[in-house]
Amino acid sequence: MIAVIAKIPVQKEKKEDALAAVKTLMAGVAKEEGTLYYTLNIDEKNPDTLVFMERYKDMDALTAHSSTPYFKEFMEKAKTFAAGPPEISVLNEIDSI
């Protein structure tokens with residue numbers, strides 16, 4: 001399995017715009033076959049950073065996710081609310097419960 005942790009710093013005054021864009025993104029992600037887990041989180045110590053925790057059945061599923069029109073639209077919108085570049089970690093999951 002493939003796991004992803006993606007962090008997007010958000011401009012404080014545009015946080016509601018960011019959350020609305022995420023809602024649209026997640027509606028599409030919910031229909032993806034190879035996406036097993038996709039959550040949005042806020043770090044209590046850094047509330048202006050969106051933290052996505054994701055799990056895919058394989059690299060092909062991650063590639064498919066990244067190629068969808070709604071993902072590309074979200075990344076375009078992110079340019080209007082992001083406070084900096086995203087930090088993305090792609091991990092090979094060894095074990096989970």
# chains A, B, ... in the order shown; residues from 1 in each chain; ligands from 1
$ select_by_dssp --residues "chain A" --states "strand (DSSP E)" --output "MDAnalysis selection string"
chainID A and resid 2:9 35:43 46:56 87:92
$ write_last_selection --atoms "C-alpha atoms" --output "compact mmCIF listing (two decimals), in the first residue's frame"
# COMPACT_ATOMS: atom_id res chain seq x y z
CA ILE A 2 0.95 3.61 -0.49
CA ALA A 3 0.40 6.24 2.18
CA VAL A 4 0.58 9.98 1.65
CA ILE A 5 0.81 12.84 4.12
CA ALA A 6 0.23 16.18 2.42
CA LYS A 7 0.44 19.50 4.27
CA ILE A 8 -0.81 22.75 2.77
CA PRO A 9 -0.22 26.00 4.68
CA THR A 35 -8.34 5.32 -2.63
CA LEU A 36 -8.79 3.49 0.66
CA TYR A 37 -8.50 6.35 3.16
CA TYR A 38 -8.56 10.12 2.71
CA THR A 39 -8.93 12.50 5.62
CA LEU A 40 -8.46 16.20 6.24
CA ASN A 41 -6.97 17.16 9.57
CA ILE A 42 -5.95 20.33 11.38
CA ASP A 43 -2.92 20.27 13.66
CA ASN A 46 -0.57 24.83 13.60
CA PRO A 47 -4.26 25.48 12.80
CA ASP A 48 -3.52 27.23 9.50
CA THR A 49 -2.11 24.10 7.89
CA LEU A 50 -4.35 21.52 6.23
CA VAL A 51 -3.02 17.99 6.75
CA PHE A 52 -4.27 15.25 4.46
CA MET A 53 -3.70 11.62 5.44
CA GLU A 54 -4.25 9.29 2.51
CA ARG A 55 -3.95 5.60 1.71
CA TYR A 56 -4.01 3.99 -1.75
CA GLU A 87 4.77 19.48 1.69
CA ILE A 88 4.02 15.99 0.38
CA SER A 89 5.43 12.72 1.69
CA VAL A 90 4.76 9.52 -0.26
CA LEU A 91 5.37 6.45 1.88
CA ASN A 92 5.46 2.70 1.34
$ select_by_dssp --residues "chain A" --states "helix (DSSP H, G or I)" --output "JSON, numbers by chain"
{"A": [12, 13, 14, 15, 16, 17, 18, 19, 20, 21, 22, 23, 24, 25, 26, 27, 28, 29, 59, 60, 61, 62, 63, 64, 65, 66, 69, 70, 71, 72, 73, 74, 75, 76, 77, 78, 79, 80, 81]}
$ write_last_selection --atoms "N, CA and C atoms" --output "mmCIF file, in the first residue's frame"
data_model
loop_
_atom_site.group_PDB
_atom_site.id
_atom_site.type_symbol
_atom_site.label_atom_id
_atom_site.label_comp_id
_atom_site.auth_asym_id
_atom_site.auth_seq_id
_atom_site.Cartn_x
_atom_site.Cartn_y
_atom_site.Cartn_z
ATOM 1 N N LYS A 12 -4.527 32.662 6.644
ATOM 2 C CA LYS A 12 -5.541 32.696 7.701
ATOM 3 C C LYS A 12 -6.878 33.250 7.207
ATOM 4 N N GLU A 13 -6.830 34.327 6.432
ATOM 5 C CA GLU A 13 -8.071 34.963 5.971
ATOM 6 C C GLU A 13 -8.758 34.191 4.847
ATOM 7 N N LYS A 14 -8.104 33.152 4.323
ATOM 8 C CA LYS A 14 -8.694 32.372 3.232
ATOM 9 C C LYS A 14 -8.987 30.927 3.639
ATOM 10 N N LYS A 15 -8.990 30.674 4.927
ATOM 11 C CA LYS A 15 -9.190 29.301 5.408
ATOM 12 C C LYS A 15 -10.558 28.752 5.006
ATOM 13 N N GLU A 16 -11.601 29.562 5.058
ATOM 14 C CA GLU A 16 -12.930 29.090 4.672
ATOM 15 C C GLU A 16 -12.976 28.729 3.187
ATOM 16 N N ASP A 17 -12.284 29.499 2.340
ATOM 17 C CA ASP A 17 -12.188 29.168 0.915
ATOM 18 C C ASP A 17 -11.497 27.816 0.740
ATOM 19 N N ALA A 18 -10.456 27.600 1.510
ATOM 20 C CA ALA A 18 -9.718 26.345 1.434
ATOM 21 C C ALA A 18 -10.610 25.171 1.828
ATOM 22 N N LEU A 19 -11.350 25.322 2.911
ATOM 23 C CA LEU A 19 -12.220 24.236 3.374
ATOM 24 C C LEU A 19 -13.331 23.937 2.372
ATOM 25 N N ALA A 20 -13.855 24.958 1.715
ATOM 26 C CA ALA A 20 -14.873 24.749 0.681
ATOM 27 C C ALA A 20 -14.277 23.982 -0.503
ATOM 28 N N ALA A 21 -13.059 24.316 -0.888
ATOM 29 C CA ALA A 21 -12.395 23.616 -1.992
ATOM 30 C C ALA A 21 -12.133 22.156 -1.629
ATOM 31 N N VAL A 22 -11.774 21.905 -0.384
ATOM 32 C CA VAL A 22 -11.532 20.535 0.067
ATOM 33 C C VAL A 22 -12.831 19.728 0.006
ATOM 34 N N LYS A 23 -13.914 20.336 0.392
ATOM 35 C CA LYS A 23 -15.205 19.633 0.365
ATOM 36 C C LYS A 23 -15.529 19.156 -1.048
ATOM 37 N N THR A 24 -15.305 20.004 -2.035
ATOM 38 C CA THR A 24 -15.528 19.631 -3.432
ATOM 39 C C THR A 24 -14.577 18.512 -3.845
ATOM 40 N N LEU A 25 -13.314 18.641 -3.470
ATOM 41 C CA LEU A 25 -12.326 17.607 -3.779
ATOM 42 C C LEU A 25 -12.749 16.263 -3.205
ATOM 43 N N MET A 26 -13.134 16.250 -1.949
ATOM 44 C CA MET A 26 -13.444 14.993 -1.269
ATOM 45 C C MET A 26 -14.681 14.307 -1.839
ATOM 46 N N ALA A 27 -15.599 15.073 -2.406
ATOM 47 C CA ALA A 27 -16.773 14.463 -3.051
ATOM 48 C C ALA A 27 -16.323 13.593 -4.226
ATOM 49 N N GLY A 28 -15.329 14.050 -4.959
ATOM 50 C CA GLY A 28 -14.798 13.243 -6.053
ATOM 51 C C GLY A 28 -13.967 12.081 -5.558
ATOM 52 N N VAL A 29 -13.134 12.318 -4.571
ATOM 53 C CA VAL A 29 -12.255 11.274 -4.035
ATOM 54 C C VAL A 29 -13.078 10.104 -3.495
ATOM 55 N N MET A 59 0.532 2.314 -6.264
ATOM 56 C CA MET A 59 0.988 3.553 -6.893
ATOM 57 C C MET A 59 0.096 3.945 -8.070
ATOM 58 N N ASP A 60 -0.452 2.964 -8.779
ATOM 59 C CA ASP A 60 -1.369 3.270 -9.879
ATOM 60 C C ASP A 60 -2.592 4.028 -9.375
ATOM 61 N N ALA A 61 -3.089 3.658 -8.198
ATOM 62 C CA ALA A 61 -4.247 4.347 -7.631
ATOM 63 C C ALA A 61 -3.901 5.781 -7.259
ATOM 64 N N LEU A 62 -2.701 5.997 -6.727
ATOM 65 C CA LEU A 62 -2.265 7.362 -6.409
ATOM 66 C C LEU A 62 -2.120 8.182 -7.686
ATOM 67 N N THR A 63 -1.546 7.583 -8.711
ATOM 68 C CA THR A 63 -1.404 8.271 -9.995
ATOM 69 C C THR A 63 -2.771 8.624 -10.571
ATOM 70 N N ALA A 64 -3.718 7.695 -10.485
ATOM 71 C CA ALA A 64 -5.079 7.948 -10.976
ATOM 72 C C ALA A 64 -5.709 9.100 -10.212
ATOM 73 N N HIS A 65 -5.556 9.115 -8.888
ATOM 74 C CA HIS A 65 -6.100 10.193 -8.058
ATOM 75 C C HIS A 65 -5.525 11.540 -8.493
ATOM 76 N N SER A 66 -4.222 11.581 -8.664
ATOM 77 C CA SER A 66 -3.552 12.837 -9.020
ATOM 78 C C SER A 66 -3.890 13.318 -10.428
ATOM 79 N N PRO A 69 -9.760 15.304 -12.839
ATOM 80 C CA PRO A 69 -10.053 16.726 -13.047
ATOM 81 C C PRO A 69 -10.294 17.476 -11.731
ATOM 82 N N TYR A 70 -10.959 16.846 -10.764
ATOM 83 C CA TYR A 70 -11.254 17.541 -9.507
ATOM 84 C C TYR A 70 -10.001 17.745 -8.669
ATOM 85 N N PHE A 71 -9.023 16.838 -8.763
ATOM 86 C CA PHE A 71 -7.758 17.058 -8.057
ATOM 87 C C PHE A 71 -6.994 18.218 -8.695
ATOM 88 N N LYS A 72 -6.937 18.217 -10.020
ATOM 89 C CA LYS A 72 -6.246 19.308 -10.727
ATOM 90 C C LYS A 72 -6.923 20.650 -10.444
ATOM 91 N N GLU A 73 -8.258 20.655 -10.380
ATOM 92 C CA GLU A 73 -8.997 21.886 -10.064
ATOM 93 C C GLU A 73 -8.668 22.354 -8.650
ATOM 94 N N PHE A 74 -8.599 21.408 -7.710
ATOM 95 C CA PHE A 74 -8.256 21.764 -6.333
ATOM 96 C C PHE A 74 -6.860 22.385 -6.268
ATOM 97 N N MET A 75 -5.908 21.804 -6.975
ATOM 98 C CA MET A 75 -4.540 22.332 -6.941
ATOM 99 C C MET A 75 -4.474 23.726 -7.555
ATOM 100 N N GLU A 76 -5.285 24.001 -8.559
ATOM 101 C CA GLU A 76 -5.350 25.360 -9.121
ATOM 102 C C GLU A 76 -5.932 26.333 -8.100
ATOM 103 N N LYS A 77 -7.023 25.926 -7.442
ATOM 104 C CA LYS A 77 -7.639 26.775 -6.417
ATOM 105 C C LYS A 77 -6.680 27.008 -5.255
ATOM 106 N N ALA A 78 -5.869 25.992 -4.946
ATOM 107 C CA ALA A 78 -4.941 26.107 -3.818
ATOM 108 C C ALA A 78 -3.982 27.279 -4.004
ATOM 109 N N LYS A 79 -3.699 27.632 -5.233
ATOM 110 C CA LYS A 79 -2.811 28.771 -5.490
ATOM 111 C C LYS A 79 -3.392 30.073 -4.939
ATOM 112 N N THR A 80 -4.714 30.135 -4.782
ATOM 113 C CA THR A 80 -5.364 31.354 -4.286
ATOM 114 C C THR A 80 -5.442 31.419 -2.765
ATOM 115 N N PHE A 81 -5.293 30.275 -2.089
ATOM 116 C CA PHE A 81 -5.400 30.301 -0.624
ATOM 117 C C PHE A 81 -4.157 29.774 0.103
#
$ atom_distance --atom1 "CA of Gly34 (chain A)" --atom2 "CA of Glu93 (chain A)"
14.8 Å
$ atom_distance --atom1 "CA of Ile97 (chain A)" --atom2 "CA of Lys31 (chain A)"
23.6 Å
$ decode --residues "region 30-78 of chain A" --atoms "N, CA and C atoms" --output "PDB file, in the first residue's frame"
ATOM      1  N   ALA A  30     -14.230  10.381  -2.938  1.00  0.00           N
ATOM      2  CA  ALA A  30     -15.077   9.331  -2.364  1.00  0.00           C
ATOM      3  C   ALA A  30     -15.474   8.283  -3.397  1.00  0.00           C
ATOM      4  N   LYS A  31     -15.406   8.615  -4.666  1.00  0.00           N
ATOM      5  CA  LYS A  31     -15.802   7.689  -5.730  1.00  0.00           C
ATOM      6  C   LYS A  31     -14.627   6.900  -6.312  1.00  0.00           C
ATOM      7  N   GLU A  32     -13.428   7.171  -5.864  1.00  0.00           N
ATOM      8  CA  GLU A  32     -12.245   6.502  -6.403  1.00  0.00           C
ATOM      9  C   GLU A  32     -12.119   5.085  -5.832  1.00  0.00           C
ATOM     10  N   GLU A  33     -11.932   4.123  -6.714  1.00  0.00           N
ATOM     11  CA  GLU A  33     -11.809   2.727  -6.279  1.00  0.00           C
ATOM     12  C   GLU A  33     -10.527   2.445  -5.506  1.00  0.00           C
ATOM     13  N   GLY A  34      -9.429   3.003  -5.959  1.00  0.00           N
ATOM     14  CA  GLY A  34      -8.142   2.678  -5.348  1.00  0.00           C
ATOM     15  C   GLY A  34      -7.768   3.508  -4.142  1.00  0.00           C
ATOM     16  N   THR A  35      -8.598   4.503  -3.811  1.00  0.00           N
ATOM     17  CA  THR A  35      -8.339   5.322  -2.630  1.00  0.00           C
ATOM     18  C   THR A  35      -9.040   4.668  -1.444  1.00  0.00           C
ATOM     19  N   LEU A  36      -8.255   4.244  -0.474  1.00  0.00           N
ATOM     20  CA  LEU A  36      -8.787   3.493   0.663  1.00  0.00           C
ATOM     21  C   LEU A  36      -9.088   4.372   1.867  1.00  0.00           C
ATOM     22  N   TYR A  37      -8.394   5.504   1.957  1.00  0.00           N
ATOM     23  CA  TYR A  37      -8.498   6.350   3.157  1.00  0.00           C
ATOM     24  C   TYR A  37      -8.080   7.747   2.752  1.00  0.00           C
ATOM     25  N   TYR A  38      -8.881   8.746   3.107  1.00  0.00           N
ATOM     26  CA  TYR A  38      -8.563  10.120   2.709  1.00  0.00           C
ATOM     27  C   TYR A  38      -9.195  11.040   3.736  1.00  0.00           C
ATOM     28  N   THR A  39      -8.383  11.641   4.575  1.00  0.00           N
ATOM     29  CA  THR A  39      -8.927  12.505   5.616  1.00  0.00           C
ATOM     30  C   THR A  39      -8.247  13.868   5.608  1.00  0.00           C
ATOM     31  N   LEU A  40      -8.996  14.853   6.030  1.00  0.00           N
ATOM     32  CA  LEU A  40      -8.458  16.195   6.237  1.00  0.00           C
ATOM     33  C   LEU A  40      -8.360  16.407   7.732  1.00  0.00           C
ATOM     34  N   ASN A  41      -7.221  16.933   8.157  1.00  0.00           N
ATOM     35  CA  ASN A  41      -6.969  17.159   9.571  1.00  0.00           C
ATOM     36  C   ASN A  41      -6.392  18.553   9.776  1.00  0.00           C
ATOM     37  N   ILE A  42      -6.556  19.064  10.983  1.00  0.00           N
ATOM     38  CA  ILE A  42      -5.948  20.331  11.382  1.00  0.00           C
ATOM     39  C   ILE A  42      -5.088  20.041  12.609  1.00  0.00           C
ATOM     40  N   ASP A  43      -3.848  20.428  12.550  1.00  0.00           N
ATOM     41  CA  ASP A  43      -2.922  20.269  13.664  1.00  0.00           C
ATOM     42  C   ASP A  43      -3.228  21.355  14.692  1.00  0.00           C
ATOM     43  N   GLU A  44      -3.500  20.965  15.921  1.00  0.00           N
ATOM     44  CA  GLU A  44      -3.831  21.940  16.965  1.00  0.00           C
ATOM     45  C   GLU A  44      -2.703  22.959  17.180  1.00  0.00           C
ATOM     46  N   LYS A  45      -1.461  22.540  16.947  1.00  0.00           N
ATOM     47  CA  LYS A  45      -0.329  23.453  17.141  1.00  0.00           C
ATOM     48  C   LYS A  45      -0.132  24.376  15.946  1.00  0.00           C
ATOM     49  N   ASN A  46      -0.725  24.034  14.807  1.00  0.00           N
ATOM     50  CA  ASN A  46      -0.568  24.833  13.599  1.00  0.00           C
ATOM     51  C   ASN A  46      -1.898  24.829  12.837  1.00  0.00           C
ATOM     52  N   PRO A  47      -2.902  25.555  13.342  1.00  0.00           N
ATOM     53  CA  PRO A  47      -4.256  25.475  12.795  1.00  0.00           C
ATOM     54  C   PRO A  47      -4.432  26.052  11.394  1.00  0.00           C
ATOM     55  N   ASP A  48      -3.415  26.697  10.852  1.00  0.00           N
ATOM     56  CA  ASP A  48      -3.521  27.235   9.500  1.00  0.00           C
ATOM     57  C   ASP A  48      -2.830  26.340   8.471  1.00  0.00           C
ATOM     58  N   THR A  49      -2.657  25.079   8.820  1.00  0.00           N
ATOM     59  CA  THR A  49      -2.112  24.098   7.886  1.00  0.00           C
ATOM     60  C   THR A  49      -3.096  22.942   7.753  1.00  0.00           C
ATOM     61  N   LEU A  50      -3.500  22.672   6.510  1.00  0.00           N
ATOM     62  CA  LEU A  50      -4.351  21.520   6.230  1.00  0.00           C
ATOM     63  C   LEU A  50      -3.445  20.302   6.111  1.00  0.00           C
ATOM     64  N   VAL A  51      -3.809  19.221   6.787  1.00  0.00           N
ATOM     65  CA  VAL A  51      -3.017  17.994   6.754  1.00  0.00           C
ATOM     66  C   VAL A  51      -3.911  16.868   6.226  1.00  0.00           C
ATOM     67  N   PHE A  52      -3.541  16.364   5.059  1.00  0.00           N
ATOM     68  CA  PHE A  52      -4.266  15.247   4.463  1.00  0.00           C
ATOM     69  C   PHE A  52      -3.521  13.957   4.777  1.00  0.00           C
ATOM     70  N   MET A  53      -4.252  12.957   5.243  1.00  0.00           N
ATOM     71  CA  MET A  53      -3.705  11.619   5.440  1.00  0.00           C
ATOM     72  C   MET A  53      -4.448  10.724   4.457  1.00  0.00           C
ATOM     73  N   GLU A  54      -3.668  10.031   3.621  1.00  0.00           N
ATOM     74  CA  GLU A  54      -4.250   9.287   2.510  1.00  0.00           C
ATOM     75  C   GLU A  54      -3.654   7.883   2.439  1.00  0.00           C
ATOM     76  N   ARG A  55      -4.445   6.952   1.915  1.00  0.00           N
ATOM     77  CA  ARG A  55      -3.955   5.597   1.706  1.00  0.00           C
ATOM     78  C   ARG A  55      -4.528   5.094   0.378  1.00  0.00           C
ATOM     79  N   TYR A  56      -3.641   4.507  -0.426  1.00  0.00           N
ATOM     80  CA  TYR A  56      -4.010   3.994  -1.749  1.00  0.00           C
ATOM     81  C   TYR A  56      -3.609   2.539  -1.857  1.00  0.00           C
ATOM     82  N   LYS A  57      -4.357   1.769  -2.649  1.00  0.00           N
ATOM     83  CA  LYS A  57      -4.043   0.340  -2.762  1.00  0.00           C
ATOM     84  C   LYS A  57      -2.690   0.114  -3.434  1.00  0.00           C
ATOM     85  N   ASP A  58      -2.282   1.038  -4.324  1.00  0.00           N
ATOM     86  CA  ASP A  58      -0.984   0.921  -4.984  1.00  0.00           C
ATOM     87  C   ASP A  58      -0.633   2.254  -5.648  1.00  0.00           C
ATOM     88  N   MET A  59       0.532   2.314  -6.264  1.00  0.00           N
ATOM     89  CA  MET A  59       0.988   3.553  -6.893  1.00  0.00           C
ATOM     90  C   MET A  59       0.096   3.945  -8.070  1.00  0.00           C
ATOM     91  N   ASP A  60      -0.452   2.964  -8.779  1.00  0.00           N
ATOM     92  CA  ASP A  60      -1.369   3.270  -9.879  1.00  0.00           C
ATOM     93  C   ASP A  60      -2.592   4.028  -9.375  1.00  0.00           C
ATOM     94  N   ALA A  61      -3.089   3.658  -8.198  1.00  0.00           N
ATOM     95  CA  ALA A  61      -4.247   4.347  -7.631  1.00  0.00           C
ATOM     96  C   ALA A  61      -3.901   5.781  -7.259  1.00  0.00           C
ATOM     97  N   LEU A  62      -2.701   5.997  -6.727  1.00  0.00           N
ATOM     98  CA  LEU A  62      -2.265   7.362  -6.409  1.00  0.00           C
ATOM     99  C   LEU A  62      -2.120   8.182  -7.686  1.00  0.00           C
ATOM    100  N   THR A  63      -1.546   7.583  -8.711  1.00  0.00           N
ATOM    101  CA  THR A  63      -1.404   8.271  -9.995  1.00  0.00           C
ATOM    102  C   THR A  63      -2.771   8.624 -10.571  1.00  0.00           C
ATOM    103  N   ALA A  64      -3.718   7.695 -10.485  1.00  0.00           N
ATOM    104  CA  ALA A  64      -5.079   7.948 -10.976  1.00  0.00           C
ATOM    105  C   ALA A  64      -5.709   9.100 -10.212  1.00  0.00           C
ATOM    106  N   HIS A  65      -5.556   9.115  -8.888  1.00  0.00           N
ATOM    107  CA  HIS A  65      -6.100  10.193  -8.058  1.00  0.00           C
ATOM    108  C   HIS A  65      -5.525  11.540  -8.493  1.00  0.00           C
ATOM    109  N   SER A  66      -4.222  11.581  -8.664  1.00  0.00           N
ATOM    110  CA  SER A  66      -3.552  12.837  -9.020  1.00  0.00           C
ATOM    111  C   SER A  66      -3.890  13.318 -10.428  1.00  0.00           C
ATOM    112  N   SER A  67      -4.461  12.452 -11.236  1.00  0.00           N
ATOM    113  CA  SER A  67      -4.795  12.782 -12.621  1.00  0.00           C
ATOM    114  C   SER A  67      -6.246  13.198 -12.822  1.00  0.00           C
ATOM    115  N   THR A  68      -7.053  13.139 -11.771  1.00  0.00           N
ATOM    116  CA  THR A  68      -8.476  13.453 -11.926  1.00  0.00           C
ATOM    117  C   THR A  68      -8.690  14.951 -12.126  1.00  0.00           C
ATOM    118  N   PRO A  69      -9.760  15.304 -12.839  1.00  0.00           N
ATOM    119  CA  PRO A  69     -10.053  16.726 -13.047  1.00  0.00           C
ATOM    120  C   PRO A  69     -10.294  17.476 -11.731  1.00  0.00           C
ATOM    121  N   TYR A  70     -10.959  16.846 -10.764  1.00  0.00           N
ATOM    122  CA  TYR A  70     -11.254  17.541  -9.507  1.00  0.00           C
ATOM    123  C   TYR A  70     -10.001  17.745  -8.669  1.00  0.00           C
ATOM    124  N   PHE A  71      -9.023  16.838  -8.763  1.00  0.00           N
ATOM    125  CA  PHE A  71      -7.758  17.058  -8.057  1.00  0.00           C
ATOM    126  C   PHE A  71      -6.994  18.218  -8.695  1.00  0.00           C
ATOM    127  N   LYS A  72      -6.937  18.217 -10.020  1.00  0.00           N
ATOM    128  CA  LYS A  72      -6.246  19.308 -10.727  1.00  0.00           C
ATOM    129  C   LYS A  72      -6.923  20.650 -10.444  1.00  0.00           C
ATOM    130  N   GLU A  73      -8.258  20.655 -10.380  1.00  0.00           N
ATOM    131  CA  GLU A  73      -8.997  21.886 -10.064  1.00  0.00           C
ATOM    132  C   GLU A  73      -8.668  22.354  -8.650  1.00  0.00           C
ATOM    133  N   PHE A  74      -8.599  21.408  -7.710  1.00  0.00           N
ATOM    134  CA  PHE A  74      -8.256  21.764  -6.333  1.00  0.00           C
ATOM    135  C   PHE A  74      -6.860  22.385  -6.268  1.00  0.00           C
ATOM    136  N   MET A  75      -5.908  21.804  -6.975  1.00  0.00           N
ATOM    137  CA  MET A  75      -4.540  22.332  -6.941  1.00  0.00           C
ATOM    138  C   MET A  75      -4.474  23.726  -7.555  1.00  0.00           C
ATOM    139  N   GLU A  76      -5.285  24.001  -8.559  1.00  0.00           N
ATOM    140  CA  GLU A  76      -5.350  25.360  -9.121  1.00  0.00           C
ATOM    141  C   GLU A  76      -5.932  26.333  -8.100  1.00  0.00           C
ATOM    142  N   LYS A  77      -7.023  25.926  -7.442  1.00  0.00           N
ATOM    143  CA  LYS A  77      -7.639  26.775  -6.417  1.00  0.00           C
ATOM    144  C   LYS A  77      -6.680  27.008  -5.255  1.00  0.00           C
ATOM    145  N   ALA A  78      -5.869  25.992  -4.946  1.00  0.00           N
ATOM    146  CA  ALA A  78      -4.941  26.107  -3.818  1.00  0.00           C
ATOM    147  C   ALA A  78      -3.982  27.279  -4.004  1.00  0.00           C
TER     148      ALA A  78
END
